[in-house]
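Shown next: upload.pdb, given as PDB, C-alpha atoms, pLDDT in the B column.
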```pdb
ATOM      1  CA  MET Y   1      -8.356 -12.731   7.037  1.00 44.00           C
ATOM      2  CA  SER Y   2      -7.285 -14.266  10.321  1.00 65.00           C
ATOM      3  CA  SER Y   3      -4.992 -11.456  11.494  1.00 90.00           C
ATOM      4  CA  PHE Y   4      -5.405  -7.683  11.577  1.00 95.00           C
ATOM      5  CA  LEU Y   5      -1.724  -7.520  10.602  1.00 97.00           C
ATOM      6  CA  LEU Y   6      -2.841  -8.456   7.070  1.00 96.00           C
ATOM      7  CA  THR Y   7      -6.137  -6.981   5.901  1.00 96.00           C
ATOM      8  CA  ASN Y   8      -7.616  -6.727   2.448  1.00 95.00           C
ATOM      9  CA  VAL Y   9      -7.191  -3.252   0.954  1.00 96.00           C
ATOM     10  CA  LEU Y  10     -10.980  -2.851   0.919  1.00 95.00           C
ATOM     11  CA  ASP Y  11     -11.042  -3.357   4.692  1.00 96.00           C
ATOM     12  CA  THR Y  12      -8.159  -0.912   5.073  1.00 97.00           C
ATOM     13  CA  ALA Y  13     -10.289   1.677   3.274  1.00 97.00           C
ATOM     14  CA  ARG Y  14     -13.293   0.837   5.464  1.00 97.00           C
ATOM     15  CA  ALA Y  15     -11.185   1.246   8.617  1.00 97.00           C
ATOM     16  CA  LEU Y  16     -10.279   4.781   7.526  1.00 97.00           C
ATOM     17  CA  GLY Y  17     -13.965   5.628   7.297  1.00 94.00           C
ATOM     18  CA  PRO Y  18     -16.216   7.641   4.974  1.00 91.00           C
ATOM     19  CA  ASP Y  19     -14.102  10.769   5.550  1.00 94.00           C
ATOM     20  CA  PRO Y  20     -10.610   9.225   5.483  1.00 96.00           C
ATOM     21  CA  PHE Y  21      -8.669  12.449   5.942  1.00 96.00           C
ATOM     22  CA  SER Y  22     -10.478  12.966   9.237  1.00 96.00           C
ATOM     23  CA  ALA Y  23      -9.553   9.475  10.436  1.00 97.00           C
ATOM     24  CA  THR Y  24      -7.508   9.150  13.613  1.00 98.00           C
ATOM     25  CA  PRO Y  25      -5.643   6.196  15.112  1.00 98.00           C
ATOM     26  CA  LYS Y  26      -8.490   5.972  17.645  1.00 98.00           C
ATOM     27  CA  SER Y  27     -11.172   5.803  14.942  1.00 98.00           C
ATOM     28  CA  VAL Y  28      -9.231   3.045  13.160  1.00 98.00           C
ATOM     29  CA  HIS Y  29      -8.807   1.207  16.478  1.00 97.00           C
ATOM     30  CA  ASP Y  30     -12.538   1.507  17.192  1.00 97.00           C
ATOM     31  CA  TRP Y  31     -13.536   0.303  13.717  1.00 96.00           C
ATOM     32  CA  PHE Y  32     -11.534  -2.876  14.165  1.00 96.00           C
ATOM     33  CA  LEU Y  33     -13.132  -3.526  17.544  1.00 95.00           C
ATOM     34  CA  GLU Y  34     -16.669  -2.870  16.318  1.00 93.00           C
ATOM     35  CA  GLN Y  35     -16.627  -4.061  12.711  1.00 90.00           C
ATOM     36  CA  TYR Y  36     -13.801  -6.532  12.217  1.00 90.00           C
ATOM     37  CA  LEU Y  37     -12.502  -8.461  15.189  1.00 89.00           C
ATOM     38  CA  ASN Y  38     -15.854  -9.744  16.408  1.00 79.00           C
ATOM     39  CA  LYS Y  39     -17.222 -10.549  12.968  1.00 72.00           C
ATOM     40  CA  ARG Y  40     -17.248 -14.091  11.731  1.00 62.00           C
ATOM     41  CA  GLY Y  41     -14.653 -14.605   9.015  1.00 58.00           C
ATOM     42  CA  GLY Y  42     -15.607 -15.290   5.422  1.00 61.00           C
ATOM     43  CA  ARG Y  43     -16.289 -18.911   4.602  1.00 78.00           C
ATOM     44  CA  PHE Y  44     -15.054 -18.693   1.015  1.00 89.00           C
ATOM     45  CA  ASN Y  45     -13.104 -16.454  -1.327  1.00 92.00           C
ATOM     46  CA  TYR Y  46     -13.567 -15.244  -4.875  1.00 95.00           C
ATOM     47  CA  ASP Y  47     -10.369 -16.713  -6.259  1.00 94.00           C
ATOM     48  CA  PRO Y  48     -12.236 -18.925  -8.806  1.00 97.00           C
ATOM     49  CA  ALA Y  49     -14.054 -15.826 -10.085  1.00 97.00           C
ATOM     50  CA  PHE Y  50     -10.751 -13.953 -10.346  1.00 96.00           C
ATOM     51  CA  LEU Y  51      -9.300 -16.744 -12.483  1.00 97.00           C
ATOM     52  CA  ALA Y  52     -12.428 -16.860 -14.632  1.00 98.00           C
ATOM     53  CA  ALA Y  53     -12.305 -13.074 -15.083  1.00 98.00           C
ATOM     54  CA  TYR Y  54      -8.724 -13.320 -16.321  1.00 97.00           C
ATOM     55  CA  ASP Y  55      -9.723 -15.907 -18.919  1.00 98.00           C
ATOM     56  CA  LEU Y  56     -12.783 -13.882 -19.977  1.00 98.00           C
ATOM     57  CA  PHE Y  57     -10.781 -10.707 -20.524  1.00 98.00           C
ATOM     58  CA  ARG Y  58      -8.255 -12.512 -22.681  1.00 97.00           C
ATOM     59  CA  GLY Y  59     -11.015 -14.213 -24.672  1.00 97.00           C
ATOM     60  CA  ALA Y  60      -9.970 -17.719 -23.655  1.00 98.00           C
ATOM     61  CA  VAL Y  61     -13.434 -18.775 -22.458  1.00 98.00           C
ATOM     62  CA  GLY Y  62     -17.025 -17.803 -23.039  1.00 98.00           C
ATOM     63  CA  LYS Y  63     -19.570 -16.687 -20.461  1.00 98.00           C
ATOM     64  CA  ASP Y  64     -21.183 -20.086 -19.936  1.00 98.00           C
ATOM     65  CA  GLU Y  65     -17.827 -21.831 -19.606  1.00 98.00           C
ATOM     66  CA  ALA Y  66     -16.630 -19.289 -17.036  1.00 98.00           C
ATOM     67  CA  ILE Y  67     -19.799 -19.740 -14.985  1.00 98.00           C
ATOM     68  CA  ARG Y  68     -19.483 -23.525 -15.113  1.00 98.00           C
ATOM     69  CA  TYR Y  69     -15.884 -23.241 -13.904  1.00 98.00           C
ATOM     70  CA  CYS Y  70     -16.994 -21.289 -10.848  1.00 98.00           C
ATOM     71  CA  LEU Y  71     -19.780 -23.758 -10.123  1.00 98.00           C
ATOM     72  CA  SER Y  72     -17.314 -26.653 -10.012  1.00 97.00           C
ATOM     73  CA  ASN Y  73     -14.231 -25.141  -8.349  1.00 97.00           C
ATOM     74  CA  GLY Y  74     -13.371 -23.634  -4.986  1.00 94.00           C
ATOM     75  CA  ASN Y  75     -15.212 -23.941  -1.699  1.00 95.00           C
ATOM     76  CA  PRO Y  76     -18.687 -25.371  -2.398  1.00 96.00           C
ATOM     77  CA  LYS Y  77     -20.150 -22.758  -0.031  1.00 94.00           C
ATOM     78  CA  GLY Y  78     -19.034 -19.997  -2.371  1.00 95.00           C
ATOM     79  CA  ARG Y  79     -19.606 -21.491  -5.796  1.00 97.00           C
ATOM     80  CA  GLU Y  80     -22.945 -19.803  -6.452  1.00 97.00           C
ATOM     81  CA  GLN Y  81     -21.543 -16.434  -5.357  1.00 96.00           C
ATOM     82  CA  ASN Y  82     -18.459 -16.839  -7.566  1.00 97.00           C
ATOM     83  CA  ALA Y  83     -20.642 -17.779 -10.520  1.00 98.00           C
ATOM     84  CA  SER Y  84     -22.925 -14.805  -9.848  1.00 97.00           C
ATOM     85  CA  ALA Y  85     -19.964 -12.418  -9.824  1.00 97.00           C
ATOM     86  CA  VAL Y  86     -18.628 -13.785 -13.106  1.00 98.00           C
ATOM     87  CA  LYS Y  87     -22.082 -13.593 -14.675  1.00 97.00           C
ATOM     88  CA  SER Y  88     -22.182  -9.889 -13.746  1.00 97.00           C
ATOM     89  CA  ILE Y  89     -18.891  -8.987 -15.434  1.00 98.00           C
ATOM     90  CA  ALA Y  90     -18.808 -11.457 -18.335  1.00 98.00           C
ATOM     91  CA  ASP Y  91     -20.469  -9.328 -21.014  1.00 98.00           C
ATOM     92  CA  TYR Y  92     -18.217  -6.370 -20.220  1.00 98.00           C
ATOM     93  CA  ALA Y  93     -15.093  -8.532 -20.237  1.00 98.00           C
ATOM     94  CA  LEU Y  94     -15.930 -10.167 -23.557  1.00 98.00           C
ATOM     95  CA  ALA Y  95     -16.633  -6.748 -25.078  1.00 97.00           C
ATOM     96  CA  ASN Y  96     -13.164  -5.608 -23.956  1.00 96.00           C
ATOM     97  CA  VAL Y  97     -10.922  -8.541 -24.828  1.00 97.00           C
ATOM     98  CA  SER Y  98      -7.339  -7.539 -24.081  1.00 96.00           C
ATOM     99  CA  VAL Y  99      -3.795  -8.784 -23.816  1.00 96.00           C
ATOM    100  CA  CYS Y 100      -3.629  -9.877 -20.183  1.00 96.00           C
ATOM    101  CA  HIS Y 101      -0.726 -10.561 -17.832  1.00 94.00           C
ATOM    102  CA  LYS Y 102      -1.086 -12.125 -14.411  1.00 93.00           C
ATOM    103  CA  ILE Y 103       0.150 -10.179 -11.400  1.00 89.00           C
ATOM    104  CA  GLY Y 104      -1.121 -12.283  -8.532  1.00 87.00           C
ATOM    105  CA  PHE Y 105      -1.917 -11.230  -4.991  1.00 93.00           C
ATOM    106  CA  LEU Y 106       0.406  -8.952  -3.027  1.00 93.00           C
ATOM    107  CA  ALA Y 107       0.832  -8.495   0.712  1.00 96.00           C
ATOM    108  CA  VAL Y 108       2.473  -5.085   0.955  1.00 95.00           C
ATOM    109  CA  GLU Y 109       4.145  -3.959   4.166  1.00 96.00           C
ATOM    110  CA  VAL Y 110       2.836  -0.484   5.014  1.00 95.00           C
ATOM    111  CA  GLY Y 111       4.441   0.096   8.415  1.00 96.00           C
ATOM    112  CA  ARG Y 112       5.370  -1.371  11.782  1.00 96.00           C
ATOM    113  CA  ALA Y 113       3.259  -1.424  14.915  1.00 96.00           C
ATOM    114  CA  SER Y 114       4.755  -2.354  18.270  1.00 95.00           C
ATOM    115  CA  GLY Y 115       7.630  -3.988  16.422  1.00 94.00           C
ATOM    116  CA  LYS Y 116       5.372  -6.025  14.121  1.00 95.00           C
ATOM    117  CA  SER Y 117       4.997  -5.582  10.380  1.00 96.00           C
ATOM    118  CA  VAL Y 118       1.594  -4.402   9.146  1.00 97.00           C
ATOM    119  CA  PHE Y 119       0.500  -5.553   5.684  1.00 97.00           C
ATOM    120  CA  VAL Y 120      -2.267  -4.637   3.271  1.00 97.00           C
ATOM    121  CA  GLY Y 121      -3.478  -7.381   0.944  1.00 96.00           C
ATOM    122  CA  ILE Y 122      -3.972  -6.292  -2.663  1.00 95.00           C
ATOM    123  CA  LYS Y 123      -5.889  -8.575  -4.985  1.00 92.00           C
ATOM    124  CA  ALA Y 124      -5.320  -7.037  -8.428  1.00 88.00           C
ATOM    125  CA  PRO Y 125      -4.748 -10.359 -10.157  1.00 91.00           C
ATOM    126  CA  PHE Y 126      -3.940  -9.145 -13.653  1.00 94.00           C
ATOM    127  CA  ILE Y 127      -3.227  -6.210 -15.926  1.00 94.00           C
ATOM    128  CA  ARG Y 128      -5.053  -5.884 -19.231  1.00 95.00           C
ATOM    129  CA  ILE Y 129      -3.708  -3.986 -22.224  1.00 94.00           C
ATOM    130  CA  ASP Y 130      -6.175  -2.789 -24.832  1.00 90.00           C
ATOM    131  CA  GLY Y 131      -4.544  -0.783 -27.587  1.00 84.00           C
ATOM    132  CA  ARG Y 132      -2.499   1.933 -25.895  1.00 82.00           C
ATOM    133  CA  SER Y 133      -4.232   1.725 -22.514  1.00 88.00           C
ATOM    134  CA  ALA Y 134      -3.230  -0.542 -19.640  1.00 92.00           C
ATOM    135  CA  ASN Y 135      -5.507  -1.222 -16.696  1.00 94.00           C
ATOM    136  CA  LEU Y 136      -4.697  -2.918 -13.404  1.00 94.00           C
ATOM    137  CA  VAL Y 137      -7.839  -4.909 -12.719  1.00 95.00           C
ATOM    138  CA  MET Y 138      -9.043  -5.063  -9.105  1.00 95.00           C
ATOM    139  CA  PRO Y 139     -12.278  -7.022  -8.709  1.00 95.00           C
ATOM    140  CA  GLY Y 140     -14.732  -6.073  -5.974  1.00 95.00           C
ATOM    141  CA  PHE Y 141     -17.104  -9.007  -5.696  1.00 96.00           C
ATOM    142  CA  ARG Y 142     -18.092  -9.012  -2.015  1.00 93.00           C
ATOM    143  CA  MET Y 143     -21.802  -9.011  -1.224  1.00 93.00           C
ATOM    144  CA  SER Y 144     -21.333  -8.523   2.521  1.00 89.00           C
ATOM    145  CA  HIS Y 145     -20.597  -4.801   2.283  1.00 88.00           C
ATOM    146  CA  GLU Y 146     -21.469  -2.039  -0.167  1.00 90.00           C
ATOM    147  CA  PRO Y 147     -18.517   0.372  -0.148  1.00 92.00           C
ATOM    148  CA  SER Y 148     -19.006   4.106  -0.230  1.00 92.00           C
ATOM    149  CA  GLU Y 149     -17.592   6.039  -3.157  1.00 94.00           C
ATOM    150  CA  ARG Y 150     -14.807   7.362  -0.920  1.00 95.00           C
ATOM    151  CA  GLU Y 151     -13.920   3.861   0.267  1.00 96.00           C
ATOM    152  CA  ILE Y 152     -13.606   2.810  -3.369  1.00 96.00           C
ATOM    153  CA  ASP Y 153     -11.351   5.794  -4.069  1.00 97.00           C
ATOM    154  CA  VAL Y 154      -9.074   5.030  -1.117  1.00 97.00           C
ATOM    155  CA  ALA Y 155      -8.804   1.318  -1.968  1.00 96.00           C
ATOM    156  CA  CYS Y 156      -7.995   2.149  -5.592  1.00 96.00           C
ATOM    157  CA  ALA Y 157      -5.459   4.788  -4.566  1.00 95.00           C
ATOM    158  CA  ILE Y 158      -3.627   2.422  -2.196  1.00 95.00           C
ATOM    159  CA  THR Y 159      -3.520  -0.254  -4.882  1.00 93.00           C
ATOM    160  CA  SER Y 160      -2.403   2.151  -7.593  1.00 90.00           C
ATOM    161  CA  ALA Y 161       0.217   3.799  -5.385  1.00 88.00           C
ATOM    162  CA  HIS Y 162       1.880   0.560  -4.374  1.00 85.00           C
ATOM    163  CA  LEU Y 163       1.810  -1.046  -7.799  1.00 81.00           C
ATOM    164  CA  ALA Y 164       3.074   2.208  -9.336  1.00 63.00           C
ATOM    165  CA  ARG Y 165       6.064   1.846  -7.035  1.00 59.00           C
ATOM    166  CA  ASP Y 166       6.626  -1.460  -8.746  1.00 55.00           C
ATOM    167  CA  ASP Y 167       6.452  -2.000 -12.513  1.00 62.00           C
ATOM    168  CA  TYR Y 168       3.125  -0.463 -13.560  1.00 70.00           C
ATOM    169  CA  GLU Y 169       3.521   3.291 -13.223  1.00 72.00           C
ATOM    170  CA  GLU Y 170       1.668   4.078 -16.451  1.00 80.00           C
ATOM    171  CA  ALA Y 171      -1.265   1.743 -15.807  1.00 89.00           C
ATOM    172  CA  ASP Y 172      -4.649   2.969 -14.639  1.00 92.00           C
ATOM    173  CA  ILE Y 173      -6.570   1.190 -11.906  1.00 94.00           C
ATOM    174  CA  GLU Y 174      -9.832  -0.483 -12.961  1.00 96.00           C
ATOM    175  CA  TYR Y 175     -12.126  -1.476 -10.111  1.00 96.00           C
ATOM    176  CA  LEU Y 176     -14.649  -4.048 -11.294  1.00 97.00           C
ATOM    177  CA  TYR Y 177     -17.525  -3.509  -8.906  1.00 97.00           C
ATOM    178  CA  ALA Y 178     -19.921  -6.448  -8.876  1.00 96.00           C
ATOM    179  CA  GLY Y 179     -21.278  -6.121  -5.358  1.00 95.00           C
ATOM    180  CA  PRO Y 180     -24.667  -5.252  -3.893  1.00 93.00           C
ATOM    181  CA  GLY Y 181     -26.868  -2.770  -5.687  1.00 84.00           C
ATOM    182  CA  GLY Y 182     -29.940  -0.905  -4.572  1.00 73.00           C
ATOM    183  CA  THR Y 183     -32.163  -3.955  -5.015  1.00 76.00           C
ATOM    184  CA  GLY Y 184     -29.926  -6.238  -2.976  1.00 71.00           C
ATOM    185  CA  LYS Y 185     -28.793  -8.034  -6.121  1.00 86.00           C
ATOM    186  CA  ARG Y 186     -25.423  -7.610  -7.780  1.00 92.00           C
ATOM    187  CA  SER Y 187     -24.816  -4.361  -9.592  1.00 94.00           C
ATOM    188  CA  PHE Y 188     -21.935  -4.026 -12.051  1.00 96.00           C
ATOM    189  CA  ARG Y 189     -19.755  -0.979 -12.745  1.00 95.00           C
ATOM    190  CA  SER Y 190     -16.307  -0.594 -14.247  1.00 96.00           C
ATOM    191  CA  ILE Y 191     -14.648   2.232 -12.289  1.00 97.00           C
ATOM    192  CA  LEU Y 192     -11.502   3.772 -13.758  1.00 95.00           C
ATOM    193  CA  GLY Y 193      -9.043   5.706 -11.633  1.00 93.00           C
ATOM    194  CA  ARG Y 194      -8.642   8.424 -14.261  1.00 93.00           C
ATOM    195  CA  ASP Y 195     -12.325   9.281 -13.881  1.00 95.00           C
ATOM    196  CA  ARG Y 196     -12.012   9.797 -10.115  1.00 94.00           C
ATOM    197  CA  ARG Y 197     -10.225  12.130  -7.751  1.00 93.00           C
ATOM    198  CA  LEU Y 198      -7.971   9.540  -6.140  1.00 94.00           C
ATOM    199  CA  PRO Y 199      -5.690  10.462  -3.226  1.00 95.00           C
ATOM    200  CA  SER Y 200      -2.110  11.047  -4.334  1.00 93.00           C
ATOM    201  CA  ILE Y 201       0.807   8.853  -3.317  1.00 91.00           C
ATOM    202  CA  ASP Y 202       1.741  11.342  -0.588  1.00 94.00           C
ATOM    203  CA  GLU Y 203      -1.845  11.364   0.666  1.00 96.00           C
ATOM    204  CA  VAL Y 204      -1.908   7.563   0.648  1.00 96.00           C
ATOM    205  CA  ASP Y 205       1.236   7.571   2.787  1.00 95.00           C
ATOM    206  CA  ARG Y 206      -0.439   9.860   5.316  1.00 96.00           C
ATOM    207  CA  LEU Y 207      -3.586   7.738   5.428  1.00 97.00           C
ATOM    208  CA  LEU Y 208      -1.583   4.576   5.932  1.00 97.00           C
ATOM    209  CA  GLN Y 209       0.410   6.197   8.725  1.00 97.00           C
ATOM    210  CA  VAL Y 210      -2.857   6.829  10.590  1.00 98.00           C
ATOM    211  CA  TYR Y 211      -3.950   3.269   9.808  1.00 98.00           C
ATOM    212  CA  VAL Y 212      -0.728   1.760  11.189  1.00 98.00           C
ATOM    213  CA  GLU Y 213      -0.974   3.893  14.319  1.00 98.00           C
ATOM    214  CA  GLY Y 214      -4.496   2.524  14.818  1.00 98.00           C
ATOM    215  CA  ILE Y 215      -3.153  -1.023  14.553  1.00 98.00           C
ATOM    216  CA  ASP Y 216      -0.505  -0.089  17.104  1.00 97.00           C
ATOM    217  CA  MET Y 217      -3.263   1.034  19.486  1.00 97.00           C
ATOM    218  CA  LEU Y 218      -4.948  -2.348  19.069  1.00 97.00           C
ATOM    219  CA  ILE Y 219      -1.786  -4.192  20.018  1.00 97.00           C
ATOM    220  CA  ARG Y 220      -1.031  -1.923  22.957  1.00 96.00           C
ATOM    221  CA  SER Y 221      -4.588  -2.328  24.238  1.00 95.00           C
ATOM    222  CA  GLY Y 222      -4.035  -6.081  24.479  1.00 95.00           C
ATOM    223  CA  GLU Y 223      -5.525  -7.430  21.230  1.00 94.00           C
ATOM    224  CA  SER Y 224      -3.750 -10.556  20.024  1.00 90.00           C
ATOM    225  CA  ALA Y 225      -1.608  -9.840  16.954  1.00 91.00           C
ATOM    226  CA  ARG Y 226      -1.511 -13.256  15.337  1.00 90.00           C
ATOM    227  CA  SER Y 227       0.969 -13.961  12.567  1.00 92.00           C
ATOM    228  CA  PRO Y 228      -0.719 -13.475   9.173  1.00 93.00           C
ATOM    229  CA  ASN Y 229      -1.331 -16.319   6.753  1.00 90.00           C
ATOM    230  CA  PHE Y 230       0.446 -15.320   3.539  1.00 93.00           C
ATOM    231  CA  ARG Y 231      -0.698 -18.340   1.522  1.00 90.00           C
ATOM    232  CA  GLY Y 232      -1.393 -17.227  -2.034  1.00 89.00           C
ATOM    233  CA  TYR Y 233       0.336 -13.858  -1.591  1.00 93.00           C
ATOM    234  CA  GLN Y 234       3.661 -12.475  -2.717  1.00 92.00           C
ATOM    235  CA  LYS Y 235       5.026 -10.650   0.300  1.00 91.00           C
ATOM    236  CA  ARG Y 236       6.606  -7.237  -0.239  1.00 85.00           C
ATOM    237  CA  SER Y 237       8.557  -6.065   2.805  1.00 78.00           C
ATOM    238  CA  PHE Y 238      10.579  -2.951   3.561  1.00 56.00           C
ATOM    239  CA  ASP Y 239      13.790  -4.964   3.613  1.00 52.00           C
ATOM    240  CA  GLN Y 240      13.281  -6.417   0.141  1.00 47.00           C
ATOM    241  CA  PRO Y 241      15.638  -5.091  -2.527  1.00 38.00           C
ATOM    242  CA  GLY Y 242      13.850  -2.671  -4.794  1.00 37.00           C
ATOM    243  CA  PHE Y 243      11.023  -1.953  -2.383  1.00 36.00           C
ATOM    244  CA  ALA Y 244      10.548   1.809  -2.493  1.00 34.00           C
ATOM    245  CA  TRP Y 245       8.972   3.816   0.281  1.00 31.00           C
TER     246      TRP Y 245
END
```
Have the structure of the file written as structure tokens, please.
Amino acid sequence: MSSFLLTNVLDTARALGPDPFSATPKSVHDWFLEQYLNKRGGRFNYDPAFLAAYDLFRGAVGKDEAIRYCLSNGNPKGREQNASAVKSIADYALANVSVCHKIGFLAVEVGRASGKSVFVGIKAPFIRIDGRSANLVMPGFRMSHEPSEREIDVACAITSAHLARDDYEEADIEYLYAGPGGTGKRSFRSILGRDRRLPSIDEVDRLLQVYVEGIDMLIRSGESARSPNFRGYQKRSFDQPGFAW
């Protein structure tokens, strides 16, 4: 993303580090300087794969059709990667066909730093209902970084906490990991929140407070806080009716 005022929830978890409850505003500040601000931005996104995943889980397309969709849509630079991600999850999705409802992408305000709103981007594009269970699906398709188990837990907890404050309190979080494995190729896992020890909502609030204070340090140290690009996101701000904090 072009602005540290709107970062993907996976990057938020990375900024808090492998031991998030030991994170400090300074450690968050330093992570952004060392790992984020000087890195070249992504040249493509996985939006075509997200759309294909939605259709796979609701049984609307088969594996080959979903792969072909990814190979012919989106930024040409990312078509092979999108197709590879869909290939990794397709068998699982088709074995778990569900009633699916789109959610879309959310940019959730998590605090203010030096008078500016700080947002976390949550890409949990749909909820799937299979029998009596409901799962908020959050794909993790990046190949540029292999998250630690704790980073996965924090990202899932932030997503679950903020969507639980909305309309999905009873839904579990399902992280579809299709990122790098030990061999350098994609490795697939379906990770359910109920099988993990996720930080509670109160713990998420404390982690995000540290995160926002780290962003504030960035701004006060002179880093340019550009206005985020919210294209494709529904923005959830503190001043919106019904936004609980």
> Got a sec: who's within 7 Å of region 210-219 of chain Y, counting all atoms listed in the file, leaving out chain neighbours fewer than 5 positions off, as a list of chain:residue names?
Replying inline: Y:Leu16, Y:Thr24, Y:Pro25, Y:Lys26, Y:Val28, Y:His29, Y:Gly111, Y:Arg112, Y:Ala113, Y:Ser114, Y:Val118, Y:Ser224, Y:Ala225
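Applied to the file shown here, the PyMOL selection byres ((chain Y and resi 178) around 9) selects the residues Ser84, Ala85, Val86, Ser88, Ile89, Pro139, Gly140, Phe141, Arg142, Met143, Leu176, Tyr177, Gly179, Pro180, Gly181, Arg186, Ser187, Phe188, Arg189 and Ser190 of chain Y.
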Just-selected residues, C-alpha atoms written as a tab-separated table (two decimals), in the coordinates of the input:
```
chain	number	residue	atom	x	y	z
Y	84	SER	CA	-22.92	-14.80	-9.85
Y	85	ALA	CA	-19.96	-12.42	-9.82
Y	86	VAL	CA	-18.63	-13.78	-13.11
Y	88	SER	CA	-22.18	-9.89	-13.75
Y	89	ILE	CA	-18.89	-8.99	-15.43
Y	139	PRO	CA	-12.28	-7.02	-8.71
Y	140	GLY	CA	-14.73	-6.07	-5.97
Y	141	PHE	CA	-17.10	-9.01	-5.70
Y	142	ARG	CA	-18.09	-9.01	-2.02
Y	143	MET	CA	-21.80	-9.01	-1.22
Y	176	LEU	CA	-14.65	-4.05	-11.29
Y	177	TYR	CA	-17.52	-3.51	-8.91
Y	179	GLY	CA	-21.28	-6.12	-5.36
Y	180	PRO	CA	-24.67	-5.25	-3.89
Y	181	GLY	CA	-26.87	-2.77	-5.69
Y	186	ARG	CA	-25.42	-7.61	-7.78
Y	187	SER	CA	-24.82	-4.36	-9.59
Y	188	PHE	CA	-21.94	-4.03	-12.05
Y	189	ARG	CA	-19.76	-0.98	-12.74
Y	190	SER	CA	-16.31	-0.59	-14.25
```
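Of the residues listed (Y:Ala157, Y:Leu163, Y:Ala49, Y:Ile173), Y:Ala157 shows the shortest atom-to-atom separation from Glu203 (chain Y); distances use only C-alpha atoms.
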> What residues come out when you apply the PyMOL selection byres ((chain Y and resi 101) around 9) to this file, written as a ChimeraX atom specification?
Replying inline: /Y:54,99-100,102-103,125-129
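Going from CA of Asp11 (chain Y) to CA of Met138 (chain Y) covers 14.0 Å.
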>> Under the rule that all atoms listed in the file are counted, which of Y:Asn96, Y:Thr159, Y:Gln81, Y:Thr12 is the nearest residue to Gln35 (chain Y)?
In response: Y:Thr12
Edge lengths and centre, in Å to one decimal, as JSON: that's what I need for the box along x, y and z that holds all listed atoms of region 197-205 of chain Y plus 8 Å on each side.
```
{"center_x": -4.2, "center_y": 9.8, "center_z": -2.5, "size_x": 28.0, "size_y": 20.6, "size_z": 26.5}
```
